Amino acid sequence: MRIVFKTDYMQDIRPWKDGYQLSLYMILLAAVIAAPWWLDDFYLGELTNVLIWAIAGLGLMILTGHTGQASLGHAAFLAVGCYANVALIEAGVPFLIAFPVAGLLTGIAGVTVAIPALRLHGIYLAIFTLALSVLMDDIIVLAEPITGGVAGKYLGGVDILGLTVDRWGTPELFFWLVLAVAVLVTLGYINLLRTPLGRSFIAVRDSEVSAQAMGVDISRTKTISFALSCAVTGWAGALMGMYAGAFNNETFNVLISIQLLMMIVIGGLGSIHGAFLGAIVIGFLPQFLSISKEYVGAVFGGSTVAIPGLEFGIFGIILIAFILFEPMGMYGRWLKIRTWFELFPFYRKDMFKRQKSYLKTERLR
Amino acid sequence: MSLLEFENVTLKFGGLTAVDDLSFSVEEGEVFAIVGPNGAGKSTVFNLISRFYDPFAGQIRFDGHDLLAVKPSDVAAFGVARTFQNIELFEHATVLQNLLVGRHRHRQTNLLQNILFTRAARKQELENREKVEEIIDFLDLQAFRDKMISGLPYGVRKVVEVARALATDPKLLLLDEPASGLSVEETTDMRWWIDDIRRQMGITVLMVEHDMGLVSGVSDRVLAMADGAMLALGTPSEVQSHPAVVEAYLGKAS
C-alpha cells in the first residue's frame with residue numbers, strides 16, 4: 001500500500017502523484033519512443049494507427065467525455081482536417097505550417113457547427129451531428145476542385161526540415177511524428193483539466209444550471225469545447241490521411257464517427273487514459289480477429305473466408321458488455337484493479353458503487 | 001441603498017402568476033429569510049435573481065446594478081452566489097474540483113495560458129487553492145476533499161454546495177432550503193454556519209427555509225409569501241404571529 005503524503009498544494013496541481021508514478025510514465029514513453037527498434041514494420045504501422053485513433057479519441061473526449069456533448073459527426077471533422085492539410089501542402093505550404101493550420105481550420109469549422117448546435121441537448125445533438133457526418137460525404141464530392149471528389153486524393157511523403165516523412169518509405173519517422181503530436185495533445189489536455197477552462201467544461205457536463213450560477217457562460221464554454229475538440233480531431237484526420245495515403249469521400253464515413261464514439265465509451269468516458277485504451281481496442285481488434293480466425297480455421301478445419309460484418313458485430317457485443325457491466329470503461333476497470341492491489345486485503349466489493357442519484361431537475365433545459 | 005431591491009416584480013407562466021407585484025429589499029449585512037407554503041413562489045424569487053427567468057414587469061437591482069440588463073452567467077460576477085433546493089453539484093468531480101469551479105469568476109488567464117499552463121496559470125491555481133482551503137477549514141470538509149460527489153451522503157452534499165457558493169467570494173449568498181433533509185444536528189451546524197457567514201465573512205444571506213426554528217434563530221427579517229404575493233414582512237416573531245400568515249398556513253378560523 002502506497003500512501004502519498006501531501007505537504008504542498010503543488011502536489012495536487014502537478015499532473016503526477018509522486019516520483020514513482022512519474023517514472024512509470026517516463027518508462028512507458030521511452031519504450032514507445034524506442035518502438036521502431038523492437039517492433040517490425042507491420043506492428044509499427046499498427047501502433048501508429050492506434051496512436052492516430054487515440055488523438056482522434058482525445059479530440060472527441062474533450063467534447064463528449066468532459067463537456068458532455070455527444071457527437072456522432074466527428075468523422076466529418078477528421079475529413080476537414082485531412083483535406084485542409086492536403087490542400088495546403090499541395091498549395092506549397094510546408095508541412096510544419098500546413099499541419100497546425102489544418103487543425104486551426106477544423107477548429108473554426110467546429111465553431112460554425114457549434115453555434116447552431118448550442119441549443120441542442122443529448123439525443124438531438126447526436127442526431128444533428130450524425131446528419132453532419134452523412135452530409136460530409138456529399139460535400140466532399142461537390143467540392144471536387146479541392147477534394148478531388150470521388151476520385152480522391154493521394155498524399156505521399158511530406159518534408160519536415162529536409163527529412164522525408166512517409167508512411168511506407170520511412171515508417172519510423174512517421175511513427176515519431178504521430179507520437180510527438182499525441183504527446184503534445186495529451187500534455188495540452190492535462191493542462192486544460194487542471195485550469196479553470198477544463199473545470200468549466202466539467203461543470204457544464206454535470207449541471208448547466210449551477211455552472212451558470214457560478215458564472216460559467218454556457219454557450220461560450222460549449223463553443224470553446226467544440227473548437228478545441230475539432231482542432232484536435234482535425235490533426236488526427238490529417239495524420240489519418242497521411243497514414244492511408246489515398247483517400248476519397250468514403251474514407252471518413254459515418255461508421256468512423258460511430259466507431260470513434262464507441263471507442264471512447266469502451267475506453268472510459270471522461271479520462272485521458274480512456275482515449276488511449278479505447279484506441280488500442282479499436283486498432284488491434286481487426287488484427288486480433290483475423291489472426292484468431294486463421295487459428296480457428298486451422299484447428300477446426302473451417303474456411304477462412306471473410307465473414308461480412310464480423311468486426312462490427314464483435315465490436316457491438318464488446319460495447320454492450322461494457323455498458324452493462326462496466327459503464328466507466330476500461331479505465332474504470334483498471335482503477336478498480338489498481339485499488340484492489342493498493343488496499344489489499346481491504347478492498348470492498350461496493351467501493352466504486354454509486355449512490356442512486358437524486359431527482360435531477362430538468363426544468364431549465 | 002439596499003444591497004438587493006425588488007421593485008414591483010411580476011412573473012407569469014401563461015395564466016399562472018408565480019410572483020405577483022412583489023417589492024422588498026435586503027440590506028447589507030443582514031440575514032433575510034423568505035417563508036411560505038409550497039408553491040408560494042419562494043424559489044422563483046431566487047431564480048429571478050439568478051436570471052433564469054425574465055420577469056413580466058418590475059425591476060431587480062443588486063448593489064446599484066440593474067440585474068435585468070445582464071446575462072445569467074454575469075450575475076455571479078456582481079457577487080451573487082446560490083445553492084439549489086435539489087442539490088445541483090458537479091456529480092462526477094471531486095469536492096475540491098467543485099469548489100474550484102466556484103473560483104471561476106476570479107479567473108484571469110486565457111485559453112492559451114490554460115493549455116500551456118504558464119506561470120500565470122500556476123500562480124492562479126495556487127491562489128485559488130488557498131482560498132478554497134480557507135472555506136474547507138471553515139465548513140469542516142477536510143475529510144472529503146478528494147472524494148467524488150457521487151459517493152457522498154446527502155448531508156455532506158448540502159454543505160459542499162454552501163462551500164462552493166462561498167468559494168465565489170460573494171456579497172450576497174442565496175440559500176435555497178439549506179436545512180431540508182438534514183438531521184437535527186446537521187441543522188444546528190447549519191445554523192451556526194449561517195451566523196458565522198454573516199458575522200465573520202460579512203456576507204449578506206437571503207434564504208428560503210421551512211424550518212421555523214432555523215429561520216427565527218438566525219434571521220433578522222422574514223418575508224412571508226403566499227401565491228406569489230407578500231403576506232407579511234418583519235422580525236421572525238412579528239411574522240409568525242401575523243394573522244395573514246397564520247391563515248395561509250392553518251386556514252381561516254371558523
# chains A, B, ... in the order shown; residues from 1 in each chain; ligands from 1
$ closest_atom_pairs --of "chain B" --to "chain A" --cutoff "8 Å" --atoms "only C-alpha atoms" --output "CSV"
residue,atom,partner,partner_atom,distance
B:Ser50,CA,A:Ala213,CA,6.6
B:Phe52,CA,A:Leu364,CA,7.6
B:Pro72,CA,A:Gln212,CA,6.5
B:Ser73,CA,A:Gly215,CA,4.4
B:Asp74,CA,A:Gly215,CA,5.8
B:Val75,CA,A:Gly215,CA,6.9
B:Ala76,CA,A:Gly215,CA,4.9
B:Ala77,CA,A:Gly215,CA,6.4
B:Ala81,CA,A:Ala213,CA,6.8
B:Arg82,CA,A:Ala213,CA,6.9
B:Asn86,CA,A:Thr361,CA,7.4
B:Glu88,CA,A:Ser210,CA,6.0
B:Leu89,CA,A:Ser207,CA,6.8
B:Phe90,CA,A:Asp206,CA,4.8
B:Glu91,CA,A:Asp206,CA,6.1
B:His92,CA,A:Asp206,CA,7.0
B:Ala93,CA,A:Ile202,CA,7.6
B:Gln97,CA,A:Arg199,CA,7.1
B:Leu100,CA,A:Pro196,CA,7.8
B:Val101,CA,A:Arg199,CA,6.1
B:Gly102,CA,A:Met214,CA,5.7
B:His104,CA,A:Pro196,CA,6.2
B:Arg105,CA,A:Gly215,CA,5.7
B:Arg107,CA,A:Pro196,CA,6.9
B:Leu111,CA,A:Leu197,CA,7.1
B:Asn114,CA,A:Thr195,CA,5.8
B:Ile115,CA,A:Gly188,CA,5.1
B:Leu116,CA,A:Gly188,CA,6.4
B:Phe117,CA,A:Asn191,CA,5.7
B:Ala121,CA,A:Thr195,CA,7.2
B:Glu125,CA,A:Thr195,CA,7.1
B:Leu126,CA,A:Tyr9,CA,6.8
B:Arg129,CA,A:Tyr9,CA,7.3
B:Ser150,CA,A:Arg354,CA,6.2
B:Gly151,CA,A:Arg354,CA,5.9
B:Ala165,CA,A:Met214,CA,7.5
B:Thr168,CA,A:Met214,CA,7.2
$ residues_around --residues "region 229-241 of chain A" --least-positions-apart "2" --cutoff "7 Å" --atoms "only C-alpha atoms" --output "mmCIF file with N, CA and C atoms, in the first residue's frame"
data_model
loop_
_atom_site.group_PDB
_atom_site.id
_atom_site.type_symbol
_atom_site.label_atom_id
_atom_site.label_comp_id
_atom_site.auth_asym_id
_atom_site.auth_seq_id
_atom_site.Cartn_x
_atom_site.Cartn_y
_atom_site.Cartn_z
ATOM 1 N N ILE A 52 -2.909 7.342 -33.837
ATOM 2 C CA ILE A 52 -3.746 8.300 -34.572
ATOM 3 C C ILE A 52 -5.178 8.244 -34.042
ATOM 4 N N ILE A 55 -5.429 10.044 -30.812
ATOM 5 C CA ILE A 55 -5.514 11.509 -30.931
ATOM 6 C C ILE A 55 -6.947 11.913 -31.259
ATOM 7 N N ALA A 56 -7.552 11.182 -32.219
ATOM 8 C CA ALA A 56 -8.946 11.464 -32.557
ATOM 9 C C ALA A 56 -9.832 11.252 -31.332
ATOM 10 N N GLY A 59 -9.646 14.091 -29.050
ATOM 11 C CA GLY A 59 -10.471 15.184 -29.576
ATOM 12 C C GLY A 59 -11.923 15.021 -29.183
ATOM 13 N N LEU A 60 -12.453 13.823 -29.403
ATOM 14 C CA LEU A 60 -13.866 13.588 -29.081
ATOM 15 C C LEU A 60 -14.072 13.581 -27.572
ATOM 16 N N ILE A 62 -12.727 15.491 -25.355
ATOM 17 C CA ILE A 62 -12.923 16.850 -24.849
ATOM 18 C C ILE A 62 -14.403 17.193 -24.907
ATOM 19 N N LEU A 63 -15.018 16.900 -26.061
ATOM 20 C CA LEU A 63 -16.409 17.304 -26.277
ATOM 21 C C LEU A 63 -17.385 16.388 -25.550
ATOM 22 N N PHE A 77 -15.129 16.026 -39.129
ATOM 23 C CA PHE A 77 -14.004 16.889 -38.770
ATOM 24 C C PHE A 77 -12.668 16.232 -39.085
ATOM 25 N N LEU A 78 -12.646 14.898 -39.013
ATOM 26 C CA LEU A 78 -11.450 14.189 -39.482
ATOM 27 C C LEU A 78 -11.224 14.541 -40.950
ATOM 28 N N ALA A 79 -12.311 14.517 -41.729
ATOM 29 C CA ALA A 79 -12.221 14.809 -43.156
ATOM 30 C C ALA A 79 -11.753 16.241 -43.388
ATOM 31 N N VAL A 80 -12.338 17.189 -42.633
ATOM 32 C CA VAL A 80 -11.939 18.593 -42.809
ATOM 33 C C VAL A 80 -10.437 18.740 -42.563
ATOM 34 N N GLY A 81 -9.965 18.134 -41.466
ATOM 35 C CA GLY A 81 -8.548 18.229 -41.141
ATOM 36 C C GLY A 81 -7.681 17.617 -42.222
ATOM 37 N N CYS A 82 -8.101 16.461 -42.687
ATOM 38 C CA CYS A 82 -7.332 15.734 -43.693
ATOM 39 C C CYS A 82 -7.221 16.527 -44.990
ATOM 40 N N ASN A 85 -5.230 19.796 -44.699
ATOM 41 C CA ASN A 85 -3.798 19.514 -44.686
ATOM 42 C C ASN A 85 -3.272 19.270 -46.093
ATOM 43 N N ALA A 102 -4.127 23.298 -40.488
ATOM 44 C CA ALA A 102 -5.232 22.378 -40.773
ATOM 45 C C ALA A 102 -6.084 22.167 -39.521
ATOM 46 N N GLY A 103 -5.405 22.021 -38.378
ATOM 47 C CA GLY A 103 -6.141 21.866 -37.122
ATOM 48 C C GLY A 103 -6.930 23.114 -36.786
ATOM 49 N N LEU A 104 -6.287 24.257 -37.011
ATOM 50 C CA LEU A 104 -6.939 25.541 -36.729
ATOM 51 C C LEU A 104 -8.198 25.699 -37.579
ATOM 52 N N THR A 106 -9.984 23.338 -38.893
ATOM 53 C CA THR A 106 -11.005 22.411 -38.413
ATOM 54 C C THR A 106 -11.679 22.968 -37.169
ATOM 55 N N GLY A 107 -10.871 23.622 -36.309
ATOM 56 C CA GLY A 107 -11.439 24.258 -35.124
ATOM 57 C C GLY A 107 -12.457 25.315 -35.499
ATOM 58 N N GLY A 110 -15.474 23.745 -36.558
ATOM 59 C CA GLY A 110 -16.189 23.285 -35.369
ATOM 60 C C GLY A 110 -17.022 24.389 -34.746
ATOM 61 N N SER A 225 -15.268 24.377 -26.322
ATOM 62 C CA SER A 225 -15.082 22.943 -26.297
ATOM 63 C C SER A 225 -15.155 22.351 -27.705
ATOM 64 N N PHE A 226 -16.148 22.803 -28.476
ATOM 65 C CA PHE A 226 -16.259 22.354 -29.867
ATOM 66 C C PHE A 226 -14.990 22.704 -30.635
ATOM 67 N N ALA A 227 -14.511 23.928 -30.459
ATOM 68 C CA ALA A 227 -13.343 24.382 -31.206
ATOM 69 C C ALA A 227 -12.125 23.518 -30.885
ATOM 70 N N TYR A 243 -1.555 8.474 -43.209
ATOM 71 C CA TYR A 243 -1.404 7.049 -42.927
ATOM 72 C C TYR A 243 -2.036 6.220 -44.030
ATOM 73 N N ALA A 244 -3.242 6.669 -44.467
ATOM 74 C CA ALA A 244 -3.949 5.915 -45.502
ATOM 75 C C ALA A 244 -3.273 6.114 -46.861
ATOM 76 N N GLY A 245 -2.625 7.266 -47.073
ATOM 77 C CA GLY A 245 -2.021 7.558 -48.359
ATOM 78 C C GLY A 245 -3.059 8.093 -49.321
ATOM 79 N N PHE A 247 -7.176 8.676 -50.199
ATOM 80 C CA PHE A 247 -8.473 8.763 -49.534
ATOM 81 C C PHE A 247 -9.455 9.486 -50.437
#
$ residues_around --residues "Lys131 (chain B)" --least-positions-apart "3" --cutoff "10 Å" --atoms "only C-alpha atoms" --output "list in words"
Leu99, Leu100, Arg103, Glu125, Leu126, Glu127, Asn128, Glu134, Ile135, Ile136, Leu166, Ala167, Thr168 and Asp169 of chain B
$ residues_around --residues "region 161-177 of chain A" --least-positions-apart "5" --cutoff "9 Å" --atoms "only C-alpha atoms" --output "VMD selection string"
chain A and resid 33 35 to 36 41 44 to 45 47 to 49 51 96 156 182 242 to 245
$ closest_residue --among "A:Ile264, A:Leu269, A:Ala321, A:Val93" --to "Val281 (chain A)" --atoms "only C-alpha atoms"
A:Ile264
$ residues_around --residues "Ile256 (chain A)" --least-positions-apart "6" --cutoff "9 Å" --atoms "only C-alpha atoms" --output "list of chain:residue names"
A:Gly73, A:His74, A:Ala75
$ write_last_selection --atoms "N, CA and C atoms" --output "short mmCIF file (atom, residue, chain, number, x, y, z; two decimals), in the first residue's frame"
data_model
loop_
_atom_site.label_atom_id
_atom_site.label_comp_id
_atom_site.auth_asym_id
_atom_site.auth_seq_id
_atom_site.Cartn_x
_atom_site.Cartn_y
_atom_site.Cartn_z
N GLY A 73 -20.60 13.01 -35.24
CA GLY A 73 -20.20 13.61 -36.50
C GLY A 73 -18.72 13.89 -36.60
N HIS A 74 -17.93 13.25 -35.76
CA HIS A 74 -16.53 13.64 -35.76
C HIS A 74 -15.75 13.16 -36.97
N ALA A 75 -16.31 12.18 -37.71
CA ALA A 75 -15.64 11.79 -38.95
C ALA A 75 -15.60 12.97 -39.91
#
$ atom_distance --atom1 "CA of Phe13 (chain B)" --atom2 "CA of Met230 (chain B)"
18.4 Å
$ atom_distance --atom1 "CA of Leu132 (chain A)" --atom2 "CA of Val113 (chain A)"
8.9 Å
$ residues_around --residues "region 314-320 of chain A" --least-positions-apart "3" --cutoff "10 Å" --atoms "only C-alpha atoms" --output "list in words"
Gln259, Met262, Met263, Val265, Ile266, Gly267, Val281, Ile282, Leu285, Pro286, Leu289, Gly309, Leu310, Glu311, Ile323, Leu324, Phe325, Glu326, Pro327 and Gly329 of chain A
$ write_last_selection --atoms "N, CA and C atoms" --output "mmCIF file, in the first residue's frame"
data_model
loop_
_atom_site.group_PDB
_atom_site.id
_atom_site.type_symbol
_atom_site.label_atom_id
_atom_site.label_comp_id
_atom_site.auth_asym_id
_atom_site.auth_seq_id
_atom_site.Cartn_x
_atom_site.Cartn_y
_atom_site.Cartn_z
ATOM 1 N N GLN A 259 -17.672 4.540 -34.696
ATOM 2 C CA GLN A 259 -16.546 3.804 -34.124
ATOM 3 C C GLN A 259 -15.792 4.660 -33.106
ATOM 4 N N MET A 262 -17.865 4.886 -29.944
ATOM 5 C CA MET A 262 -17.807 3.609 -29.239
ATOM 6 C C MET A 262 -16.465 3.446 -28.552
ATOM 7 N N MET A 263 -15.438 3.905 -29.253
ATOM 8 C CA MET A 263 -14.081 3.753 -28.735
ATOM 9 C C MET A 263 -13.911 4.443 -27.391
ATOM 10 N N VAL A 265 -16.226 5.305 -25.332
ATOM 11 C CA VAL A 265 -17.095 4.707 -24.306
ATOM 12 C C VAL A 265 -16.431 3.456 -23.738
ATOM 13 N N ILE A 266 -15.874 2.629 -24.639
ATOM 14 C CA ILE A 266 -15.195 1.418 -24.174
ATOM 15 C C ILE A 266 -13.963 1.787 -23.344
ATOM 16 N N GLY A 267 -13.242 2.793 -23.798
ATOM 17 C CA GLY A 267 -12.035 3.184 -23.074
ATOM 18 C C GLY A 267 -12.348 3.775 -21.713
ATOM 19 N N VAL A 281 -8.056 -1.006 -28.359
ATOM 20 C CA VAL A 281 -9.083 -1.988 -28.737
ATOM 21 C C VAL A 281 -9.447 -1.834 -30.202
ATOM 22 N N ILE A 282 -9.764 -0.602 -30.601
ATOM 23 C CA ILE A 282 -10.154 -0.328 -31.987
ATOM 24 C C ILE A 282 -9.052 -0.726 -32.959
ATOM 25 N N LEU A 285 -8.271 -4.768 -32.736
ATOM 26 C CA LEU A 285 -9.358 -5.740 -32.867
ATOM 27 C C LEU A 285 -9.386 -6.415 -34.243
ATOM 28 N N PRO A 286 -9.304 -5.645 -35.352
ATOM 29 C CA PRO A 286 -9.344 -6.309 -36.668
ATOM 30 C C PRO A 286 -8.210 -7.317 -36.834
ATOM 31 N N LEU A 289 -8.862 -10.315 -34.712
ATOM 32 C CA LEU A 289 -9.917 -11.156 -35.273
ATOM 33 C C LEU A 289 -9.387 -12.003 -36.412
ATOM 34 N N GLY A 309 -19.276 -8.155 -41.747
ATOM 35 C CA GLY A 309 -19.829 -7.564 -40.531
ATOM 36 C C GLY A 309 -19.337 -8.187 -39.251
ATOM 37 N N LEU A 310 -18.409 -9.137 -39.349
ATOM 38 C CA LEU A 310 -17.934 -9.817 -38.134
ATOM 39 C C LEU A 310 -17.308 -8.819 -37.153
ATOM 40 N N GLU A 311 -16.460 -7.945 -37.723
ATOM 41 C CA GLU A 311 -15.741 -6.998 -36.886
ATOM 42 C C GLU A 311 -16.707 -6.108 -36.118
ATOM 43 N N ILE A 323 -21.232 -1.381 -21.458
ATOM 44 C CA ILE A 323 -22.278 -0.511 -20.923
ATOM 45 C C ILE A 323 -23.020 -1.219 -19.800
ATOM 46 N N LEU A 324 -23.206 -2.551 -19.945
ATOM 47 C CA LEU A 324 -23.928 -3.299 -18.912
ATOM 48 C C LEU A 324 -23.079 -3.495 -17.662
ATOM 49 N N PHE A 325 -21.829 -3.903 -17.863
ATOM 50 C CA PHE A 325 -21.045 -4.356 -16.708
ATOM 51 C C PHE A 325 -20.002 -3.363 -16.230
ATOM 52 N N GLU A 326 -19.572 -2.486 -17.080
ATOM 53 C CA GLU A 326 -18.519 -1.555 -16.669
ATOM 54 C C GLU A 326 -18.713 -0.202 -17.353
ATOM 55 N N PRO A 327 -19.724 0.552 -16.904
ATOM 56 C CA PRO A 327 -20.028 1.816 -17.600
ATOM 57 C C PRO A 327 -18.862 2.792 -17.572
ATOM 58 N N GLY A 329 -15.940 2.046 -18.356
ATOM 59 C CA GLY A 329 -14.986 1.679 -19.385
ATOM 60 C C GLY A 329 -13.756 0.974 -18.849
#
$ residues_around --residues "Leu135 (chain A)" --least-positions-apart "2" --cutoff "12 Å" --atoms "only C-alpha atoms" --output "PDB file with N, CA and C atoms, in the first residue's frame"
ATOM      1  N   GLY A  73     -20.604  13.014 -35.238  1.00  0.00           N
ATOM      2  CA  GLY A  73     -20.200  13.611 -36.504  1.00  0.00           C
ATOM      3  C   GLY A  73     -18.722  13.895 -36.603  1.00  0.00           C
ATOM      4  N   ALA A  75     -16.308  12.184 -37.706  1.00  0.00           N
ATOM      5  CA  ALA A  75     -15.640  11.790 -38.950  1.00  0.00           C
ATOM      6  C   ALA A  75     -15.599  12.973 -39.913  1.00  0.00           C
ATOM      7  N   ALA A  76     -16.630  13.815 -39.854  1.00  0.00           N
ATOM      8  CA  ALA A  76     -16.665  14.993 -40.726  1.00  0.00           C
ATOM      9  C   ALA A  76     -15.470  15.900 -40.420  1.00  0.00           C
ATOM     10  N   PHE A  77     -15.129  16.026 -39.129  1.00  0.00           N
ATOM     11  CA  PHE A  77     -14.004  16.889 -38.770  1.00  0.00           C
ATOM     12  C   PHE A  77     -12.668  16.232 -39.085  1.00  0.00           C
ATOM     13  N   ALA A  79     -12.311  14.517 -41.729  1.00  0.00           N
ATOM     14  CA  ALA A  79     -12.221  14.809 -43.156  1.00  0.00           C
ATOM     15  C   ALA A  79     -11.753  16.241 -43.388  1.00  0.00           C
ATOM     16  N   PHE A 128     -28.162  15.629 -34.851  1.00  0.00           N
ATOM     17  CA  PHE A 128     -27.658  16.761 -35.634  1.00  0.00           C
ATOM     18  C   PHE A 128     -26.254  16.468 -36.164  1.00  0.00           C
ATOM     19  N   THR A 129     -25.391  15.968 -35.281  1.00  0.00           N
ATOM     20  CA  THR A 129     -24.019  15.725 -35.702  1.00  0.00           C
ATOM     21  C   THR A 129     -23.938  14.514 -36.636  1.00  0.00           C
ATOM     22  N   LEU A 130     -24.851  13.549 -36.420  1.00  0.00           N
ATOM     23  CA  LEU A 130     -24.897  12.390 -37.322  1.00  0.00           C
ATOM     24  C   LEU A 130     -25.213  12.865 -38.741  1.00  0.00           C
ATOM     25  N   ALA A 131     -26.177  13.797 -38.839  1.00  0.00           N
ATOM     26  CA  ALA A 131     -26.544  14.347 -40.140  1.00  0.00           C
ATOM     27  C   ALA A 131     -25.339  15.025 -40.781  1.00  0.00           C
ATOM     28  N   LEU A 132     -24.565  15.691 -39.948  1.00  0.00           N
ATOM     29  CA  LEU A 132     -23.366  16.378 -40.423  1.00  0.00           C
ATOM     30  C   LEU A 132     -22.405  15.381 -41.066  1.00  0.00           C
ATOM     31  N   SER A 133     -22.264  14.244 -40.384  1.00  0.00           N
ATOM     32  CA  SER A 133     -21.367  13.211 -40.864  1.00  0.00           C
ATOM     33  C   SER A 133     -21.835  12.666 -42.209  1.00  0.00           C
ATOM     34  N   ASP A 137     -20.009  13.495 -46.761  1.00  0.00           N
ATOM     35  CA  ASP A 137     -19.774  12.671 -47.942  1.00  0.00           C
ATOM     36  C   ASP A 137     -20.104  13.476 -49.210  1.00  0.00           C
ATOM     37  N   ASP A 138     -21.312  14.074 -49.218  1.00  0.00           N
ATOM     38  CA  ASP A 138     -21.747  14.837 -50.388  1.00  0.00           C
ATOM     39  C   ASP A 138     -20.934  16.102 -50.570  1.00  0.00           C
ATOM     40  N   ILE A 139     -20.609  16.733 -49.448  1.00  0.00           N
ATOM     41  CA  ILE A 139     -19.839  17.979 -49.545  1.00  0.00           C
ATOM     42  C   ILE A 139     -18.486  17.705 -50.190  1.00  0.00           C
ATOM     43  N   ILE A 140     -17.867  16.569 -49.819  1.00  0.00           N
ATOM     44  CA  ILE A 140     -16.566  16.234 -50.402  1.00  0.00           C
ATOM     45  C   ILE A 140     -16.695  16.012 -51.901  1.00  0.00           C
ATOM     46  N   VAL A 141     -17.766  15.339 -52.308  1.00  0.00           N
ATOM     47  CA  VAL A 141     -17.975  15.095 -53.741  1.00  0.00           C
ATOM     48  C   VAL A 141     -18.196  16.418 -54.468  1.00  0.00           C
ATOM     49  N   LEU A 142     -18.996  17.300 -53.866  1.00  0.00           N
ATOM     50  CA  LEU A 142     -19.310  18.579 -54.514  1.00  0.00           C
ATOM     51  C   LEU A 142     -18.092  19.491 -54.574  1.00  0.00           C
ATOM     52  N   ASN A 249     -14.118  10.402 -50.754  1.00  0.00           N
ATOM     53  CA  ASN A 249     -15.293  10.763 -49.958  1.00  0.00           C
ATOM     54  C   ASN A 249     -15.757   9.652 -49.023  1.00  0.00           C
ATOM     55  N   GLU A 250     -15.362   8.407 -49.330  1.00  0.00           N
ATOM     56  CA  GLU A 250     -15.864   7.314 -48.497  1.00  0.00           C
ATOM     57  C   GLU A 250     -14.934   6.947 -47.337  1.00  0.00           C
ATOM     58  N   PHE A 252     -13.900   8.806 -44.796  1.00  0.00           N
ATOM     59  CA  PHE A 252     -14.365   9.288 -43.488  1.00  0.00           C
ATOM     60  C   PHE A 252     -15.885   9.186 -43.426  1.00  0.00           C
ATOM     61  N   ASN A 253     -16.389   7.958 -43.385  1.00  0.00           N
ATOM     62  CA  ASN A 253     -17.842   7.796 -43.430  1.00  0.00           C
ATOM     63  C   ASN A 253     -18.449   7.780 -42.030  1.00  0.00           C
ATOM     64  N   VAL A 254     -19.757   7.604 -42.000  1.00  0.00           N
ATOM     65  CA  VAL A 254     -20.484   7.651 -40.725  1.00  0.00           C
ATOM     66  C   VAL A 254     -19.969   6.589 -39.756  1.00  0.00           C
TER      67      VAL A 254
END
$ atom_distance --atom1 "CA of Thr147 (chain A)" --atom2 "CA of Leu105 (chain A)"
15.2 Å
$ select_by_dssp --residues "region 63-138 of chain B" --states "strand (DSSP E or B)" --output "list in words"
His65, Asp66, Val80, Ala81, Arg82 and Thr94 of chain B
